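J.: Next comes the structure file final.tsv, holding TSV, C-alpha atoms.
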chain	number	residue	atom	x	y	z
A	1	MET	CA	-8.65	-22.86	12.59
A	2	ASN	CA	-7.53	-22.14	16.14
A	3	GLN	CA	-4.68	-24.55	16.95
A	4	ARG	CA	-5.04	-24.75	20.69
A	5	VAL	CA	-2.11	-25.22	23.01
A	6	VAL	CA	-1.98	-28.68	24.59
A	7	ARG	CA	-2.76	-28.59	28.32
A	8	GLY	CA	-3.46	-31.16	31.03
A	9	GLN	CA	-1.59	-34.09	29.46
A	10	THR	CA	0.95	-36.33	31.18
A	11	LYS	CA	4.40	-36.88	29.69
A	12	SER	CA	3.44	-40.37	28.55
A	13	ALA	CA	0.23	-39.09	26.96
A	14	ILE	CA	2.16	-36.37	25.13
A	15	ALA	CA	4.65	-38.96	23.85
A	16	ALA	CA	1.78	-41.09	22.55
A	17	LEU	CA	0.08	-38.11	20.90
A	18	LEU	CA	3.35	-37.11	19.23
A	19	LYS	CA	3.83	-40.64	17.94
A	20	ARG	CA	0.36	-40.58	16.38
A	21	ASN	CA	1.03	-37.09	14.90
A	22	GLU	CA	-1.96	-35.70	16.77
A	23	ILE	CA	0.06	-32.86	18.28
A	24	THR	CA	3.10	-30.81	17.25
A	25	ARG	CA	6.00	-29.74	19.44
A	26	LEU	CA	6.73	-26.03	19.13
A	27	GLY	CA	9.45	-25.82	21.74
A	28	ARG	CA	10.36	-27.08	25.17
A	29	GLY	CA	7.15	-27.80	27.06
A	30	LEU	CA	4.93	-26.18	24.40
A	31	TYR	CA	2.71	-28.25	22.10
A	32	VAL	CA	-0.32	-27.56	19.92
A	33	TRP	CA	-3.01	-29.86	18.58
A	34	GLY	CA	-2.67	-30.89	14.93
A	35	GLN	CA	-0.25	-29.63	12.31
A	36	PRO	CA	0.23	-25.87	12.66
A	37	THR	CA	-0.64	-23.34	10.00
A	38	PRO	CA	0.58	-19.73	10.43
A	39	LEU	CA	-2.87	-18.27	11.05
A	40	GLY	CA	-4.06	-21.20	13.16
A	41	LEU	CA	-0.96	-21.10	15.33
A	42	LEU	CA	-1.25	-17.35	15.85
A	43	SER	CA	-4.88	-17.83	16.91
A	44	GLY	CA	-3.94	-20.56	19.37
A	45	LEU	CA	-1.04	-18.66	20.91
A	46	HIS	CA	-3.12	-15.48	21.23
A	47	ALA	CA	-5.85	-17.44	23.00
A	48	GLU	CA	-3.34	-18.99	25.40
A	49	PHE	CA	-1.13	-15.94	26.08
A	50	PRO	CA	-3.03	-12.62	26.39
A	51	TRP	CA	0.29	-10.75	26.65
A	52	LEU	CA	1.45	-11.93	23.20
A	53	PHE	CA	1.40	-9.63	20.15
A	54	ALA	CA	2.16	-9.96	16.44
A	55	SER	CA	5.23	-7.94	15.44
A	56	GLY	CA	7.70	-7.55	12.58
A	57	LEU	CA	6.81	-9.33	9.33
A	58	THR	CA	3.72	-10.96	10.85
A	59	ALA	CA	2.38	-7.55	11.90
A	60	ALA	CA	3.03	-6.22	8.38
A	61	GLN	CA	1.18	-9.14	6.80
A	62	LEU	CA	-1.82	-8.66	9.09
A	63	LEU	CA	-1.94	-4.90	8.47
A	64	LEU	CA	-1.78	-5.45	4.70
A	65	ASN	CA	-4.30	-8.31	4.86
A	66	GLU	CA	-1.77	-10.70	3.33
A	67	PRO	CA	-1.35	-14.44	4.07
A	68	LEU	CA	0.82	-15.18	7.09
A	69	THR	CA	4.05	-17.15	6.75
A	70	PHE	CA	6.33	-19.10	9.06
A	71	PRO	CA	8.18	-18.27	11.17
A	72	LEU	CA	5.73	-16.00	12.96
A	73	HIS	CA	7.23	-12.83	14.43
A	74	LEU	CA	5.96	-12.31	17.96
A	75	ALA	CA	6.63	-10.00	20.89
A	76	GLY	CA	5.27	-9.83	24.39
A	77	LEU	CA	5.62	-9.14	28.07
A	78	GLY	CA	6.18	-12.78	29.04
A	79	ALA	CA	8.43	-15.52	27.67
A	80	LEU	CA	8.21	-18.31	25.10
A	81	PRO	CA	10.63	-21.19	24.46
A	82	PRO	CA	12.73	-21.00	21.27
A	83	SER	CA	10.98	-22.52	18.23
A	84	SER	CA	11.40	-22.92	14.49
A	85	PHE	CA	7.74	-21.93	14.11
A	86	TYR	CA	8.21	-18.41	15.46
A	87	SER	CA	10.72	-15.84	16.63
A	88	PHE	CA	9.98	-14.11	19.91
A	89	THR	CA	11.18	-10.80	21.32
A	90	ARG	CA	10.49	-9.69	24.85
A	91	THR	CA	9.17	-6.14	25.14
A	92	THR	CA	7.79	-3.91	27.88
A	93	ILE	CA	5.62	-1.98	25.40
A	94	ASP	CA	1.94	-2.85	25.71
A	95	SER	CA	0.52	-0.44	23.11
A	96	THR	CA	-1.41	-2.55	20.62
A	97	LEU	CA	-4.21	-2.46	18.09
A	98	SER	CA	-6.61	-5.13	16.93
A	99	VAL	CA	-6.59	-6.44	13.35
A	100	SER	CA	-9.34	-9.00	12.68
A	101	THR	CA	-9.29	-10.04	16.37
A	102	TYR	CA	-5.48	-10.42	16.37
A	103	ARG	CA	-3.35	-8.27	18.66
A	104	VAL	CA	-0.67	-6.29	16.82
A	105	LEU	CA	2.08	-4.35	18.55
A	106	ASN	CA	1.99	-0.60	17.90
A	107	PRO	CA	3.07	-0.36	14.22
A	108	LEU	CA	5.64	2.33	15.00
A	109	VAL	CA	7.48	-0.27	17.07
A	110	ALA	CA	6.45	-3.46	15.28
A	111	LEU	CA	7.75	-2.28	11.90
A	112	SER	CA	11.02	-0.82	13.15
A	113	THR	CA	12.87	-4.03	12.25
A	114	VAL	CA	11.37	-4.97	8.87
A	115	ASP	CA	12.64	-4.14	5.39
A	116	VAL	CA	12.47	-0.39	4.70
A	117	GLU	CA	10.33	-0.69	1.56
A	118	LEU	CA	7.90	-3.03	3.31
A	119	ALA	CA	7.62	-0.66	6.26
A	120	LYS	CA	6.92	2.24	3.87
A	121	LYS	CA	4.24	0.20	2.14
A	122	VAL	CA	2.52	-0.56	5.44
A	123	PHE	CA	2.78	3.00	6.76
A	124	GLU	CA	1.41	4.41	3.49
A	125	HIS	CA	-1.48	1.96	3.75
A	126	ILE	CA	-2.50	2.40	7.39
A	127	TYR	CA	-1.80	6.14	7.47
A	128	SER	CA	-3.54	7.01	4.20
A	129	SER	CA	-6.10	9.80	3.68
A	130	LYS	CA	-6.95	12.57	6.14
A	131	LYS	CA	-7.88	9.99	8.79
A	132	GLY	CA	-4.35	8.63	8.59
A	133	ARG	CA	-2.99	11.78	10.21
A	134	SER	CA	-5.07	11.37	13.37
A	135	ARG	CA	-4.33	7.63	13.39
A	136	LEU	CA	-0.59	8.29	13.31
A	137	GLU	CA	-0.87	10.87	16.06
A	138	ALA	CA	-2.75	8.37	18.24
A	139	HIS	CA	-0.05	5.75	17.70
A	140	ARG	CA	2.66	8.32	18.49
A	141	ALA	CA	0.90	9.43	21.67
A	142	ALA	CA	0.76	5.84	22.95
A	143	LEU	CA	4.57	5.61	23.02
A	144	LYS	CA	7.11	7.36	25.18
A	145	GLN	CA	9.65	7.22	22.38
A	146	ILE	CA	9.55	6.28	18.70
A	147	PRO	CA	12.44	4.18	17.34
A	148	THR	CA	14.92	6.27	15.35
A	149	ARG	CA	14.69	3.90	12.39
A	150	THR	CA	10.90	4.28	12.33
A	151	GLN	CA	11.18	8.07	12.31
A	152	LYS	CA	13.54	7.89	9.35
A	153	ILE	CA	11.19	5.59	7.42
A	154	LEU	CA	8.19	7.81	8.16
A	155	SER	CA	10.04	10.86	6.87
A	156	SER	CA	10.55	9.19	3.48
A	157	ALA	CA	7.07	7.65	3.19
A	158	ALA	CA	4.16	9.25	1.34
A	159	LEU	CA	1.66	9.51	4.18
A	160	PHE	CA	-1.97	10.72	4.23
A	161	THR	CA	-2.43	10.13	0.49
A	162	ASP	CA	-5.66	9.01	-1.18
A	163	SER	CA	-4.34	7.13	-4.22
A	164	GLY	CA	-1.43	5.23	-5.68
A	165	ALA	CA	-0.74	8.12	-8.05
A	166	GLU	CA	-0.28	10.50	-5.11
A	167	ILE	CA	2.11	8.05	-3.47
A	168	MET	CA	4.23	7.84	-6.63
A	169	VAL	CA	4.49	11.62	-6.96
A	170	ALA	CA	5.11	12.25	-3.24
A	171	ARG	CA	7.83	9.59	-3.13
A	172	GLU	CA	9.60	10.98	-6.18
A	173	LEU	CA	9.53	14.51	-4.80
A	174	THR	CA	10.86	13.28	-1.45
A	175	THR	CA	13.80	11.55	-3.16
A	176	ARG	CA	14.67	14.95	-4.67
A	177	GLY	CA	15.20	16.25	-1.15
A	178	LEU	CA	12.03	18.36	-1.08
A	179	ASN	CA	9.86	18.90	1.98
A	180	VAL	CA	6.62	17.11	1.01
A	181	GLU	CA	3.33	17.01	2.91
A	182	CYS	CA	0.14	15.25	1.84
A	183	ASN	CA	-3.53	16.03	2.41
A	184	VAL	CA	-2.83	19.51	3.73
A	185	ARG	CA	-5.48	22.15	4.32
A	186	ILE	CA	-5.03	25.48	2.56
A	187	GLY	CA	-7.77	27.89	3.56
A	188	ARG	CA	-11.01	25.92	3.48
A	189	TYR	CA	-9.84	23.09	1.25
A	190	TYR	CA	-7.50	20.10	1.34
A	191	TRP	CA	-4.78	19.63	-1.28
A	192	ASP	CA	-3.27	16.26	-2.21
A	193	ILE	CA	0.40	17.27	-2.12
A	194	VAL	CA	1.95	20.46	-0.77
A	195	LEU	CA	5.53	21.71	-0.93
A	196	PRO	CA	5.37	24.34	1.84
A	197	ASP	CA	8.91	25.65	1.30
A	198	LEU	CA	8.15	26.40	-2.37
A	199	LYS	CA	4.50	27.29	-1.72
A	200	VAL	CA	3.38	24.84	-4.40
A	201	ALA	CA	0.10	22.92	-4.10
A	202	VAL	CA	-0.55	19.88	-6.29
A	203	GLU	CA	-3.83	18.11	-7.04
A	204	ILE	CA	-4.04	14.68	-8.71
A	205	ASN	CA	-7.45	13.40	-9.74
A	206	SER	CA	-9.02	10.69	-11.86
A	207	PHE	CA	-11.42	11.36	-14.73
A	208	GLU	CA	-14.19	9.75	-12.68
A	209	TYR	CA	-13.58	12.29	-9.92
A	210	HIS	CA	-14.07	15.22	-12.27
A	211	SER	CA	-17.16	13.72	-13.88
A	212	ALA	CA	-19.07	14.71	-10.74
A	213	GLY	CA	-20.48	18.20	-11.34
A	214	GLN	CA	-20.46	19.25	-7.69
A	215	GLU	CA	-16.78	18.34	-7.27
A	216	TRP	CA	-15.90	20.02	-10.57
A	217	ILE	CA	-17.47	23.31	-9.43
A	218	ARG	CA	-15.96	23.09	-5.94
A	219	ASP	CA	-12.48	22.56	-7.37
A	220	HIS	CA	-12.64	25.84	-9.30
A	221	TRP	CA	-13.22	27.79	-6.10
A	222	LYS	CA	-10.65	25.70	-4.27
A	223	ASN	CA	-8.04	26.55	-6.90
A	224	ASN	CA	-8.95	30.24	-6.94
A	225	GLU	CA	-8.63	30.56	-3.17
A	226	ALA	CA	-5.17	28.99	-3.16
A	227	VAL	CA	-3.96	31.22	-6.01
A	228	LEU	CA	-5.32	34.37	-4.38
A	229	THR	CA	-3.48	33.55	-1.16
A	230	GLY	CA	-0.14	33.26	-2.96
A	231	TRP	CA	0.12	29.57	-3.85
A	232	CYS	CA	1.31	28.13	-7.15
A	233	THR	CA	-1.24	25.43	-8.00
A	234	LEU	CA	-0.56	22.53	-10.36
A	235	ARG	CA	-3.13	19.94	-11.41
A	236	TYR	CA	-2.66	16.51	-13.00
A	237	THR	CA	-4.71	13.43	-13.79
A	238	GLY	CA	-3.89	9.85	-12.95
A	239	HIS	CA	-3.06	9.41	-16.66
A	240	CYS	CA	-0.38	12.11	-16.38
A	241	VAL	CA	1.27	10.25	-13.50
A	242	ALA	CA	0.94	6.83	-15.13
A	243	HIS	CA	2.36	7.83	-18.53
A	244	HIS	CA	4.57	10.86	-17.85
A	245	LEU	CA	5.71	10.80	-14.23
A	246	ASN	CA	9.08	12.30	-15.14
A	247	TYR	CA	7.41	15.35	-16.72
A	248	VAL	CA	5.12	15.79	-13.71
A	249	ILE	CA	8.02	15.72	-11.26
A	250	ASP	CA	10.16	18.03	-13.37
A	251	GLN	CA	7.38	20.58	-13.73
A	252	ILE	CA	6.62	20.57	-10.00
A	253	THR	CA	10.25	20.89	-8.92
A	254	HIS	CA	10.84	23.79	-11.34
A	255	ALA	CA	7.55	25.57	-10.66
A	256	ALA	CA	9.33	28.65	-9.28
A	257	GLU	CA	11.47	29.01	-12.43
A	258	PRO	CA	9.69	27.20	-15.28
A	259	ASP	CA	11.56	26.49	-18.51
A	260	PHE	CA	8.95	27.07	-21.21
A	261	ASP	CA	11.19	25.55	-23.87
A	262	LYS	CA	10.73	22.11	-22.34
A	263	ARG	CA	8.63	19.60	-24.21
A	264	TYR	CA	5.75	19.47	-21.74
A	265	TYR	CA	4.99	23.14	-22.38
A	266	SER	CA	4.30	22.41	-26.06
A	267	TRP	CA	0.86	21.39	-27.31
A	268	VAL	CA	-0.10	18.46	-25.09
A	269	GLY	CA	-1.61	16.47	-27.96
A	270	TYR	CA	1.84	15.98	-29.48
A	271	TRP	CA	3.27	14.03	-26.57
A	272	HIS	CA	0.70	13.10	-23.91
A	273	LYS	CA	-0.54	9.54	-24.36
A	274	GLY	CA	-3.77	10.43	-22.59
A	275	ALA	CA	-4.47	13.26	-25.07
A	276	GLN	CA	-3.66	11.36	-28.26
A	277	PRO	CA	-6.11	9.28	-30.31
A	278	PRO	CA	-6.22	5.61	-29.32
A	279	PRO	CA	-3.79	3.36	-31.22
A	280	LEU	CA	-5.07	1.77	-34.40
A	281	LYS	CA	-6.46	-1.73	-34.22
A	282	PRO	CA	-4.59	-4.37	-36.30
A	283	TRP	CA	-7.25	-4.25	-39.02
A	284	GLU	CA	-6.97	-0.45	-39.15
A	285	GLN	CA	-3.24	-0.50	-39.87
A	286	PRO	CA	-2.03	0.56	-43.36
A	287	GLY	CA	-1.53	-2.42	-45.67
A	288	TYR	CA	-3.81	-4.68	-43.67
A	289	GLU	CA	-5.50	-7.20	-46.00
A	290	HIS	CA	-8.90	-8.54	-45.14
A	291	TRP	CA	-9.30	-12.24	-45.80
A	292	ALA	CA	-12.85	-13.47	-46.19
A	293	PRO	CA	-13.70	-16.80	-44.56
A	294	LEU	CA	-13.57	-19.83	-46.84
A	295	SER	CA	-16.92	-20.64	-48.41
A	296	THR	CA	-18.28	-24.17	-48.49
A	297	THR	CA	-20.55	-23.29	-51.45
A	298	PRO	CA	-18.95	-24.00	-54.88
A	299	PRO	CA	-18.75	-21.06	-57.28
A	300	ASP	CA	-21.39	-20.74	-60.00
A	301	GLY	CA	-20.90	-23.26	-62.80
A	302	HIS	CA	-18.93	-25.70	-60.66
A	303	GLU	CA	-20.56	-28.73	-59.23
A	304	GLY	CA	-19.40	-30.31	-56.09
A	305	PRO	CA	-18.43	-33.97	-55.86
A	306	THR	CA	-21.20	-36.42	-56.71
A	307	ALA	CA	-21.92	-39.75	-55.18
Step by step, read the file and then write its structure as structure tokens.
T.:
Amino acid sequence: MNQRVVRGQTKSAIAALLKRNEITRLGRGLYVWGQPTPLGLLSGLHAEFPWLFASGLTAAQLLLNEPLTFPLHLAGLGALPPSSFYSFTRTTIDSTLSVSTYRVLNPLVALSTVDVELAKKVFEHIYSSKKGRSRLEAHRAALKQIPTRTQKILSSAALFTDSGAEIMVARELTTRGLNVECNVRIGRYYWDIVLPDLKVAVEINSFEYHSAGQEWIRDHWKNNEAVLTGWCTLRYTGHCVAHHLNYVIDQITHAAEPDFDKRYYSWVGYWHKGAQPPPLKPWEQPGYEHWAPLSTTPPDGHEGPTA
């Protein structure tokens, strides 16, 4: 619901409307019809003030498609009175994008003040996949300068990834101080994660991905081309990342000097949860006793109660 800003009312009319709880006071001289909700208030303010943008936490919530909360975080070229319903920051930056009809300040600026982990989450979401690279470049080009804090957050985020598993691996490798790039082209093909300084290329795929024959064939040639041009290629499944992330990270970081005595170089069936038989069901466990349901029919030779 669009909670429109109150216009064209006299002071006495506004006082009467307030008394009847038909309008709500946001701040000095600024009222809206009804009782504000976060989304309704944002709609009303955007309709009234074309120079107003969502920023900070509100921008993050819109970009992640999450419910909005009070106070709204807003920025703009004009001015708004102080209010408990929103916080407002004046800015001269007019680079914006549209999210479900709502104007959001350029994310590289809007997210420079939010919690680091939240900013990473948003950046990894909006700058995911190969398209994320061009999207980030467009947002960069729209600004004269990127906030230092934003640059630092971007450098530690797992950008241009296609899955949660890739994000987990890229983040872990970054925390080890490695130079990590995602969705990088080597020859004719794109690789999920690349460590250019070590010349290591990593691919992480689901079982569903490899069930497609065309992709399965293509990946053989993709791998061969990278190897023949001097790259060390490592391949994992989503199960590997989910169950044995520490082994995956250790193997990647030591790819140049592998220690073949480590556990993950032994027969995979001994330790990999994805390669082991499924766990036994309760009734398959040793010592399980099967109890038959009680019968309502008396045994032979025994009569039931008579009338």
J.: Report, in Å to a single decimal, how far apart CA of Asn2 in chain A and CA of Leu68 in chain A are.
T.: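 Separation between CA of Leu68 in chain A and CA of Asn2 in chain A: 14.1 Å.
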J.: Could you list, as a VMD selection string, every residue within 12 Å of Asp261 in chain A, counting all atoms listed in the file and ignoring same-chain residues fewer than 5 positions away?
T.: chain A and resid 251 266 to 267
J.: One decimal, in Å: what's the spacing between CA of Asp192 in chain A and CA of Trp221 in chain A?
T.: 15.7 Å
J.: Neighbours of Thr148 in chain A within 12 Å (all atoms listed in the file; same-chain residues fewer than 5 positions away dropped), as a list in words?
T.: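 Listing them by chain and then by number gives Leu108, Val109, Leu111, Ser112, Thr113, Ile153, Leu154 and Ser155 of chain A.
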J.: For Ile167 in chain A, find every residue with an atom within 10 Å (counting all atoms listed in the file), except residues of its own chain fewer than 6 positions away, and show them as a VMD selection string.
T.: chain A and resid 121 124 128 157 to 161 173 182 192 to 193
J.: Could you check how far CA of Leu143 in chain A sits from CA of Thr174 in chain A, in Å to one decimal?
T.: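 Distance between the two atoms: 26.4 Å.
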J.: Please provide as a PyMOL selection string all residues within 9 Å of Leu30 in chain A, with the sequence filter that same-chain residues fewer than 5 positions apart are discarded (counting only C-alpha atoms).
T.: chain A and resi 5-7+24-25+80-81
J.: Write out the residues from the selection above, keeping C-alpha atoms, as a CSV table (one decimal), keeping the file's coordinate frame.
T.:
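And here is the file that came out, again-v7.csv:
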chain,number,residue,atom,x,y,z
A,5,VAL,CA,-2.1,-25.2,23.0
A,6,VAL,CA,-2.0,-28.7,24.6
A,7,ARG,CA,-2.8,-28.6,28.3
A,24,THR,CA,3.1,-30.8,17.2
A,25,ARG,CA,6.0,-29.7,19.4
A,80,LEU,CA,8.2,-18.3,25.1
A,81,PRO,CA,10.6,-21.2,24.5
J.: Pick out the closest residue to Ala60 in chain A from this set: A:Leu45, A:Leu280, A:Leu74, A:Val200. Count all atoms listed in the file.
T.: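 Ranked by minimum distance to Ala60 in chain A, first place goes to A:Leu74.
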J.: Hey, can I get the axis-aligned box for range 38-55 of chain A? All listed atoms, 3 Å padding on each side, centre and edge lengths in Å to one decimal, as AutoDock Vina command-line options.
T.:
--center_x -0.3 --center_y -14.6 --center_z 18.5 --size_x 17.1 --size_y 19.3 --size_z 22.2
J.: Within 12 Å of Ser95 in chain A, counting all atoms listed in the file, which residues show up once you throw out same-chain ones fewer than 4 positions away? Write them as a PyMOL selection string, please.
T.: chain A and resi 51-55+75-77+91+103-110+138-145
J.: Could you write those residues out with C-alpha atoms, as a PDB file, in the frame of the given file?
T.:
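Written file, selection.pdb:
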ATOM      1  CA  TRP A  51       0.290 -10.750  26.650  1.00  0.00           C
ATOM      2  CA  LEU A  52       1.450 -11.930  23.200  1.00  0.00           C
ATOM      3  CA  PHE A  53       1.400  -9.630  20.150  1.00  0.00           C
ATOM      4  CA  ALA A  54       2.160  -9.960  16.440  1.00  0.00           C
ATOM      5  CA  SER A  55       5.230  -7.940  15.440  1.00  0.00           C
ATOM      6  CA  ALA A  75       6.630 -10.000  20.890  1.00  0.00           C
ATOM      7  CA  GLY A  76       5.270  -9.830  24.390  1.00  0.00           C
ATOM      8  CA  LEU A  77       5.620  -9.140  28.070  1.00  0.00           C
ATOM      9  CA  THR A  91       9.170  -6.140  25.140  1.00  0.00           C
ATOM     10  CA  ARG A 103      -3.350  -8.270  18.660  1.00  0.00           C
ATOM     11  CA  VAL A 104      -0.670  -6.290  16.820  1.00  0.00           C
ATOM     12  CA  LEU A 105       2.080  -4.350  18.550  1.00  0.00           C
ATOM     13  CA  ASN A 106       1.990  -0.600  17.900  1.00  0.00           C
ATOM     14  CA  PRO A 107       3.070  -0.360  14.220  1.00  0.00           C
ATOM     15  CA  LEU A 108       5.640   2.330  15.000  1.00  0.00           C
ATOM     16  CA  VAL A 109       7.480  -0.270  17.070  1.00  0.00           C
ATOM     17  CA  ALA A 110       6.450  -3.460  15.280  1.00  0.00           C
ATOM     18  CA  ALA A 138      -2.750   8.370  18.240  1.00  0.00           C
ATOM     19  CA  HIS A 139      -0.050   5.750  17.700  1.00  0.00           C
ATOM     20  CA  ARG A 140       2.660   8.320  18.490  1.00  0.00           C
ATOM     21  CA  ALA A 141       0.900   9.430  21.670  1.00  0.00           C
ATOM     22  CA  ALA A 142       0.760   5.840  22.950  1.00  0.00           C
ATOM     23  CA  LEU A 143       4.570   5.610  23.020  1.00  0.00           C
ATOM     24  CA  LYS A 144       7.110   7.360  25.180  1.00  0.00           C
ATOM     25  CA  GLN A 145       9.650   7.220  22.380  1.00  0.00           C
TER      26      GLN A 145
END
